[in-house]
Amino acid sequence: MHALLRQAFFWLVVRPFLLIVTGMNVRHRERLPSDGPAIIIANHNSHLDTVVLMTLLPARLLKKTHPVGAADYFLANRLISWFALRIIGILPIDRSGRAPGTDPFADVSRALEEGAIVIIFPEGSRGEPEQLSTFKKGVAHLAKGHPDVPVVPVFMHGLGKSLPKDDWVPVPFFCDVFVGEHLFGSADHDAFMEALTERIRELAAEGRFPEWT
Amino acid sequence: MSDDIHTSVLMGLGGILGILVAASLTTAVLGRARPAMDLGEVRMRIRSWWIMAGMFSLALIVERGWSLSFFALVSYLALKEYFSLIPTRRADRRVLLWAYAAIPVQYFAIYMEWYGLFIIIVPVYLFLAIPMRMVLVGETAGFLRAAGTIHWGAMIALFSIGHIAYLLVLPTSTNPNGGGPALVLYLVALTQLNDVAPFLWGKAVGRTRVVPSVSPNKTWEGLIGGVITTSGLAVLFFGVLTPFGLLEAVGAGLLIGVFGFVGDVVISAVKRDLQVKDSGALLPGHGGILDRLDSLTYTAPLFFHYTYYFYG
């Protein structure tokens with residue numbers, strides 16, 4: 001039942017909305033994973049980021065695609081939590097790190113073992129729209145634990161202009177989605193994060209984006 | 001389907017079909033004869049032409065409401081592309097929505113053949129409304145630049161392009177040879193061919209540059225050759241598609257030839273200013289929608305008022 005609602009939401013609401021209001025310019029689409037398990041890493045500007053990445057994957061992969069979302073935000077009340085868990089299909093993660101000795105990525109790891117495609121925004125929150133903030137290292141840890149799972153970096157621009165944080169009226173803008181070549185986790189967390197950030201920076205340099213203040 | 005499509009419109013569309021078939025056949029033959037030649041870009045360009053020509057032809061033969069919806073969509077995509085291309089301020093997000101909101105109003109005016117509203121909605125009302133809405137937001141840093149650039153985009157994407165749509169709804173009494181659709185076909189086909197002709201002339205005999213700092217590949221030889229070719233084509237087709245006499249057809253050809261060039265270099269200057277090569281990525285092989293509409297932003301209003309003055 002929920003699987004059906006999820007499909008209906010993506011086909012009847014998300015796809016038409018993205019087609020008309022935003023419209024996407026995707027570069028290197030062939031670099032997206034054609035099957036799970038995979039980790040997609042992207043910069044985060046807008047709630048739209050998640051659904052855009054989910055619709056760029058082939059429709060047959062929707063059922064095994066799960067964005068990682070902050071438990072404190074997405075499980076705040078019953079309605080949002082139902083929508084986030086059942087329709088978007090997020091894997092909630094504890095950002096506070098209050099429980100020592102437990103792995104905040106345990107659920108994500110399990111999903112990867114079951115062949116899922118997980119979407120992670122290592123900036124941690126949407127932050128200031130269209131400005132890249134530092135990536136948190138949790139993703140390096142996760143990638144190390146799954147050394148055979150490809151990590152696909154994606155750079156996105158424009159969605160933060162369309163629907164930035166603290167605003168609810170979408171304004172039409174074309175958005176760019178540049179997909180990078182995948183890499184694999186390594187024991188050296190810093191080196192991995194450096195390589196990942198570098199790929200995102202290279203992707204960002206492929207486009208020319210107007211000033212937005 | 002509209003019940004009174006004139007045979008001249010169908011003949012014209014048949015001509016476009018012929019050109020596209022010829023282009024596709026040429027690349028196919030060339031691909032066989034010289035496998036080493038890289039035709040990827042050309043093929044992509046021709047494929048986009050097929051799609052654009054198909055949608056345009058459909059827009060000319062369906063009911064007026066559908067035709068106008070098509071042109072409204074073109075305006076919307078052009079405006080969205082423009083706003084995505086230029087620097088904008090976060091404070092102006094709501095202001096941009098006002099510009100978008102003018103699209104249905106303008107096309108409704110065209111649908112109703114309400115010339116008075118069509119001709120002032122963007123140049124007057126939207127012009128006044130944009131700074132007014134901006135004052136309500138209260139951000140003064142970059143105010144003038146934002147007000148100017150937002151309105152300029154609406155003039156190009158909405159007002160200029162809207163003239164093609166208004167040409168479409170002109171009564172049959174204006175043009176007994178196929179009415180509005182025939183005039184639209186005449187304008188659009190001549191403008192698009194005029195994009196190609198100077199390029200070919202320039203390649204063949206081009207020497208002296210016209211505007212080297214804006215568009216280094218444009219030459220006087222190309223421009224003059226293009227204007228002559230377009231005027232020739234204007235004379236060739238005026239009897240079938242327009243109410244014009246011979247002299248008026250020559251005038252229309254000169255108008256489209258010269259100002260198609262101007263529209264082209266104006267959009268080139270904008271792209272240079274923004275330091276982009278293409279205005280977008282909507283049309284594979286062509287770039288963005290403004291890359292394709294550039295000459296029409298000048299020829300559409302000018303050709304419309306030329307026709308309207310003599311026959312409106």
# chains A, B, ... in the order shown; residues from 1 in each chain; ligands from 1
>>> select_by_dssp(residues="stretch 138-261 of chain B", states="alpha helix (DSSP H)", output="VMD selection string")
chain B and resid 143 to 154 161 to 169 179 to 205 220 to 241 246 to 261
>>> residues_around(residues="A:Thr55", least_positions_apart="2", cutoff="10 Å", atoms="only C-alpha atoms", output="VMD selection string")
chain A and resid 10 to 11 14 to 15 18 50 to 53 57 to 59 61 to 62
>>> write_last_selection(atoms="C-alpha atoms", output="compact mmCIF listing (two decimals), in the first residue's frame")
# COMPACT_ATOMS: atom_id res chain seq x y z
CA PHE A 10 6.62 10.41 -7.45
CA TRP A 11 4.75 9.97 -10.75
CA VAL A 14 7.11 15.06 -8.03
CA ARG A 15 7.82 14.39 -11.70
CA LEU A 18 10.01 19.10 -11.51
CA THR A 50 16.31 14.65 -2.45
CA VAL A 51 13.40 14.14 -4.83
CA VAL A 52 15.43 15.34 -7.82
CA LEU A 53 18.12 12.71 -7.18
CA LEU A 57 17.54 7.19 -11.11
CA PRO A 58 15.66 4.67 -13.25
CA ALA A 59 12.07 4.25 -11.95
CA LEU A 61 15.19 1.58 -8.52
CA LEU A 62 12.79 3.81 -6.58
>>> interface_residues(of="chain B", to="chain A", cutoff="6 Å", atoms="only C-alpha atoms", output="list in words")
Lys80, Ser84, Ile86, Pro87, Thr88, Arg89 and Arg90 of chain B
>>> residues_around(residues="stretch 134-139 of chain B", least_positions_apart="5", cutoff="8 Å", atoms="only C-alpha atoms", output="short mmCIF file (atom, residue, chain, number, x, y, z; two decimals) with N, CA, C and O atoms, in the first residue's frame")
data_model
loop_
_atom_site.label_atom_id
_atom_site.label_comp_id
_atom_site.auth_asym_id
_atom_site.auth_seq_id
_atom_site.Cartn_x
_atom_site.Cartn_y
_atom_site.Cartn_z
N ALA B 91 16.16 38.35 -2.42
CA ALA B 91 15.03 39.18 -2.01
C ALA B 91 13.96 39.28 -3.11
O ALA B 91 12.81 39.59 -2.83
N ASP B 92 14.35 39.02 -4.35
CA ASP B 92 13.42 39.21 -5.48
C ASP B 92 12.67 37.95 -5.90
O ASP B 92 12.05 37.94 -6.96
N VAL B 95 9.22 38.75 -6.57
CA VAL B 95 9.11 39.69 -7.70
C VAL B 95 9.13 38.90 -9.01
O VAL B 95 8.37 39.20 -9.94
N ALA B 147 15.66 45.69 -11.02
CA ALA B 147 14.43 46.14 -11.69
C ALA B 147 14.62 46.14 -13.20
O ALA B 147 13.76 45.69 -13.95
#
>>> residues_around(residues="B:Thr208", least_positions_apart="6", cutoff="12 Å", atoms="only C-alpha atoms", output="ChimeraX atom specification")
/B:202,216-224
>>> write_last_selection(atoms="N, CA, C and O atoms", output="PDB file, in the first residue's frame")
ATOM      1  N   GLY B 202      28.951  33.908 -45.083  1.00  0.00           N
ATOM      2  CA  GLY B 202      30.151  34.286 -44.343  1.00  0.00           C
ATOM      3  C   GLY B 202      31.264  33.265 -44.538  1.00  0.00           C
ATOM      4  O   GLY B 202      32.428  33.612 -44.733  1.00  0.00           O
ATOM      5  N   PRO B 216      32.586  37.558 -33.257  1.00  0.00           N
ATOM      6  CA  PRO B 216      33.695  37.637 -34.202  1.00  0.00           C
ATOM      7  C   PRO B 216      33.440  36.933 -35.536  1.00  0.00           C
ATOM      8  O   PRO B 216      34.114  37.228 -36.520  1.00  0.00           O
ATOM      9  N   ASN B 217      32.454  36.015 -35.581  1.00  0.00           N
ATOM     10  CA  ASN B 217      32.229  35.280 -36.830  1.00  0.00           C
ATOM     11  C   ASN B 217      31.276  35.978 -37.794  1.00  0.00           C
ATOM     12  O   ASN B 217      31.065  35.520 -38.904  1.00  0.00           O
ATOM     13  N   LYS B 218      30.684  37.082 -37.352  1.00  0.00           N
ATOM     14  CA  LYS B 218      29.733  37.776 -38.221  1.00  0.00           C
ATOM     15  C   LYS B 218      30.480  38.749 -39.133  1.00  0.00           C
ATOM     16  O   LYS B 218      31.241  39.589 -38.668  1.00  0.00           O
ATOM     17  N   THR B 219      30.227  38.592 -40.460  1.00  0.00           N
ATOM     18  CA  THR B 219      30.908  39.464 -41.411  1.00  0.00           C
ATOM     19  C   THR B 219      29.894  40.265 -42.221  1.00  0.00           C
ATOM     20  O   THR B 219      28.732  39.863 -42.355  1.00  0.00           O
ATOM     21  N   TRP B 220      30.364  41.392 -42.769  1.00  0.00           N
ATOM     22  CA  TRP B 220      29.512  42.209 -43.643  1.00  0.00           C
ATOM     23  C   TRP B 220      29.070  41.413 -44.863  1.00  0.00           C
ATOM     24  O   TRP B 220      27.924  41.506 -45.297  1.00  0.00           O
ATOM     25  N   GLU B 221      30.007  40.607 -45.402  1.00  0.00           N
ATOM     26  CA  GLU B 221      29.671  39.805 -46.583  1.00  0.00           C
ATOM     27  C   GLU B 221      28.536  38.842 -46.258  1.00  0.00           C
ATOM     28  O   GLU B 221      27.585  38.672 -47.028  1.00  0.00           O
ATOM     29  N   GLY B 222      28.652  38.212 -45.082  1.00  0.00           N
ATOM     30  CA  GLY B 222      27.614  37.280 -44.648  1.00  0.00           C
ATOM     31  C   GLY B 222      26.293  37.989 -44.440  1.00  0.00           C
ATOM     32  O   GLY B 222      25.236  37.524 -44.883  1.00  0.00           O
ATOM     33  N   LEU B 223      26.361  39.142 -43.768  1.00  0.00           N
ATOM     34  CA  LEU B 223      25.145  39.904 -43.480  1.00  0.00           C
ATOM     35  C   LEU B 223      24.437  40.325 -44.763  1.00  0.00           C
ATOM     36  O   LEU B 223      23.231  40.099 -44.938  1.00  0.00           O
ATOM     37  N   ILE B 224      25.205  40.895 -45.691  1.00  0.00           N
ATOM     38  CA  ILE B 224      24.602  41.378 -46.935  1.00  0.00           C
ATOM     39  C   ILE B 224      24.069  40.210 -47.775  1.00  0.00           C
ATOM     40  O   ILE B 224      22.936  40.251 -48.272  1.00  0.00           O
TER      41      ILE B 224
END
>>> residues_around(residues="A:Ile119", least_positions_apart="4", cutoff="9 Å", atoms="only C-alpha atoms", output="MDAnalysis selection string")
chainID A and resid 38:42 50 53:54 65:68
>>> write_last_selection(atoms="N, CA, C and O atoms", output="PDB file, in the first residue's frame")
ATOM      1  N   ALA A  38      24.718   1.322  -3.677  1.00  0.00           N
ATOM      2  CA  ALA A  38      25.516   2.491  -4.048  1.00  0.00           C
ATOM      3  C   ALA A  38      25.246   3.603  -3.046  1.00  0.00           C
ATOM      4  O   ALA A  38      24.192   3.616  -2.398  1.00  0.00           O
ATOM      5  N   ILE A  39      26.213   4.494  -2.925  1.00  0.00           N
ATOM      6  CA  ILE A  39      26.033   5.667  -2.069  1.00  0.00           C
ATOM      7  C   ILE A  39      26.115   6.892  -2.965  1.00  0.00           C
ATOM      8  O   ILE A  39      27.075   7.054  -3.713  1.00  0.00           O
ATOM      9  N   ILE A  40      25.087   7.726  -2.933  1.00  0.00           N
ATOM     10  CA  ILE A  40      25.130   8.976  -3.702  1.00  0.00           C
ATOM     11  C   ILE A  40      25.370  10.119  -2.720  1.00  0.00           C
ATOM     12  O   ILE A  40      24.663  10.246  -1.719  1.00  0.00           O
ATOM     13  N   ILE A  41      26.383  10.910  -3.019  1.00  0.00           N
ATOM     14  CA  ILE A  41      26.758  12.027  -2.160  1.00  0.00           C
ATOM     15  C   ILE A  41      26.461  13.325  -2.908  1.00  0.00           C
ATOM     16  O   ILE A  41      26.866  13.462  -4.067  1.00  0.00           O
ATOM     17  N   ALA A  42      25.753  14.244  -2.272  1.00  0.00           N
ATOM     18  CA  ALA A  42      25.468  15.497  -2.980  1.00  0.00           C
ATOM     19  C   ALA A  42      25.524  16.683  -2.031  1.00  0.00           C
ATOM     20  O   ALA A  42      25.380  16.515  -0.813  1.00  0.00           O
ATOM     21  N   THR A  50      16.568  16.061  -2.681  1.00  0.00           N
ATOM     22  CA  THR A  50      16.309  14.647  -2.449  1.00  0.00           C
ATOM     23  C   THR A  50      15.443  14.061  -3.565  1.00  0.00           C
ATOM     24  O   THR A  50      15.812  13.059  -4.172  1.00  0.00           O
ATOM     25  N   LEU A  53      17.200  13.847  -7.043  1.00  0.00           N
ATOM     26  CA  LEU A  53      18.121  12.714  -7.176  1.00  0.00           C
ATOM     27  C   LEU A  53      17.344  11.413  -7.326  1.00  0.00           C
ATOM     28  O   LEU A  53      17.716  10.531  -8.097  1.00  0.00           O
ATOM     29  N   MET A  54      16.225  11.298  -6.596  1.00  0.00           N
ATOM     30  CA  MET A  54      15.452  10.058  -6.664  1.00  0.00           C
ATOM     31  C   MET A  54      14.804   9.873  -8.027  1.00  0.00           C
ATOM     32  O   MET A  54      14.692   8.751  -8.514  1.00  0.00           O
ATOM     33  N   THR A  65      15.661   2.892  -3.130  1.00  0.00           N
ATOM     34  CA  THR A  65      16.414   4.121  -2.922  1.00  0.00           C
ATOM     35  C   THR A  65      15.969   4.826  -1.633  1.00  0.00           C
ATOM     36  O   THR A  65      14.773   5.032  -1.435  1.00  0.00           O
ATOM     37  N   HIS A  66      16.927   5.163  -0.793  1.00  0.00           N
ATOM     38  CA  HIS A  66      16.591   5.769   0.505  1.00  0.00           C
ATOM     39  C   HIS A  66      17.513   6.921   0.843  1.00  0.00           C
ATOM     40  O   HIS A  66      18.708   6.725   1.027  1.00  0.00           O
ATOM     41  N   PRO A  67      16.957   8.144   0.946  1.00  0.00           N
ATOM     42  CA  PRO A  67      17.778   9.253   1.414  1.00  0.00           C
ATOM     43  C   PRO A  67      17.976   9.162   2.931  1.00  0.00           C
ATOM     44  O   PRO A  67      17.095   8.703   3.645  1.00  0.00           O
ATOM     45  N   VAL A  68      19.140   9.585   3.377  1.00  0.00           N
ATOM     46  CA  VAL A  68      19.406   9.614   4.805  1.00  0.00           C
ATOM     47  C   VAL A  68      18.982  10.986   5.333  1.00  0.00           C
ATOM     48  O   VAL A  68      19.371  12.009   4.780  1.00  0.00           O
TER      49      VAL A  68
END
>>> residues_around(residues="A:Ala3", least_positions_apart="2", cutoff="9 Å", atoms="only C-alpha atoms", output="PyMOL selection string")
chain A and resi 1+5-8+63+86-87
>>> write_last_selection(atoms="N, CA and C atoms", output="PDB file, in the first residue's frame")
ATOM      1  N   MET A   1       0.838  -1.213   0.000  1.00  0.00           N
ATOM      2  CA  MET A   1       0.000   0.000   0.000  1.00  0.00           C
ATOM      3  C   MET A   1       0.869   1.257   0.000  1.00  0.00           C
ATOM      4  N   LEU A   5       1.541   4.138  -2.839  1.00  0.00           N
ATOM      5  CA  LEU A   5       1.420   5.581  -2.578  1.00  0.00           C
ATOM      6  C   LEU A   5       2.707   6.304  -2.966  1.00  0.00           C
ATOM      7  N   ARG A   6       3.827   5.640  -2.663  1.00  0.00           N
ATOM      8  CA  ARG A   6       5.133   6.221  -2.946  1.00  0.00           C
ATOM      9  C   ARG A   6       5.303   6.416  -4.453  1.00  0.00           C
ATOM     10  N   GLN A   7       4.983   5.358  -5.219  1.00  0.00           N
ATOM     11  CA  GLN A   7       5.058   5.452  -6.683  1.00  0.00           C
ATOM     12  C   GLN A   7       4.142   6.566  -7.194  1.00  0.00           C
ATOM     13  N   ALA A   8       2.909   6.590  -6.646  1.00  0.00           N
ATOM     14  CA  ALA A   8       1.934   7.588  -7.097  1.00  0.00           C
ATOM     15  C   ALA A   8       2.444   8.994  -6.805  1.00  0.00           C
ATOM     16  N   LYS A  63      12.133   1.773  -5.423  1.00  0.00           N
ATOM     17  CA  LYS A  63      11.791   1.031  -4.210  1.00  0.00           C
ATOM     18  C   LYS A  63      13.010   0.721  -3.347  1.00  0.00           C
ATOM     19  N   ARG A  86       7.517   6.795   5.053  1.00  0.00           N
ATOM     20  CA  ARG A  86       6.752   5.918   4.156  1.00  0.00           C
ATOM     21  C   ARG A  86       6.769   6.385   2.710  1.00  0.00           C
ATOM     22  N   ILE A  87       6.690   7.679   2.477  1.00  0.00           N
ATOM     23  CA  ILE A  87       6.566   8.160   1.097  1.00  0.00           C
ATOM     24  C   ILE A  87       7.942   8.465   0.508  1.00  0.00           C
TER      25      ILE A  87
END
>>> residues_around(residues="A:Ala195", least_positions_apart="2", cutoff="12 Å", atoms="only C-alpha atoms", output="MDAnalysis selection string")
chainID A and resid 135 140 151:153 180:186 188:193 197:202
>>> write_last_selection(atoms="C-alpha atoms", output="tab-separated table (two decimals), in the first residue's frame")
chain	number	residue	atom	x	y	z
A	135	PHE	CA	31.33	17.83	4.45
A	140	ALA	CA	34.02	8.38	5.15
A	151	VAL	CA	30.33	6.38	-3.88
A	152	VAL	CA	28.91	8.70	-6.56
A	153	PRO	CA	29.46	12.45	-6.05
A	180	GLY	CA	30.86	12.79	-11.02
A	181	GLU	CA	32.80	9.56	-11.43
A	182	HIS	CA	32.43	7.21	-8.50
A	183	LEU	CA	35.13	6.43	-5.94
A	184	PHE	CA	35.51	3.84	-3.19
A	185	GLY	CA	35.98	4.12	0.56
A	186	SER	CA	39.45	3.97	2.08
A	188	ASP	CA	42.31	7.05	5.46
A	189	HIS	CA	39.26	9.15	6.28
A	190	ASP	CA	40.90	12.50	5.59
A	191	ALA	CA	42.21	11.41	2.20
A	192	PHE	CA	38.78	10.08	1.26
A	193	MET	CA	37.04	13.29	2.31
A	197	THR	CA	35.32	17.25	-1.86
A	198	GLU	CA	37.72	17.70	-4.76
A	199	ARG	CA	35.39	15.81	-7.14
A	200	ILE	CA	32.44	17.96	-6.08
A	201	ARG	CA	34.56	21.09	-6.57
A	202	GLU	CA	35.60	19.91	-10.05
>>> atom_distance(atom1="atom CA of B:Phe108", atom2="atom CA of B:Ala281")
29.0 Å
>>> select_by_dssp(residues="chain A", states="strand (DSSP E)", output="ChimeraX atom specification")
/A:24-27,38-42,65-70,91-93,117-120,151-157,175-179
>>> closest_residue(among="B:Leu290, B:Val266, B:Val235, B:Leu73", to="B:Ser213", atoms="only C-alpha atoms")
B:Val266
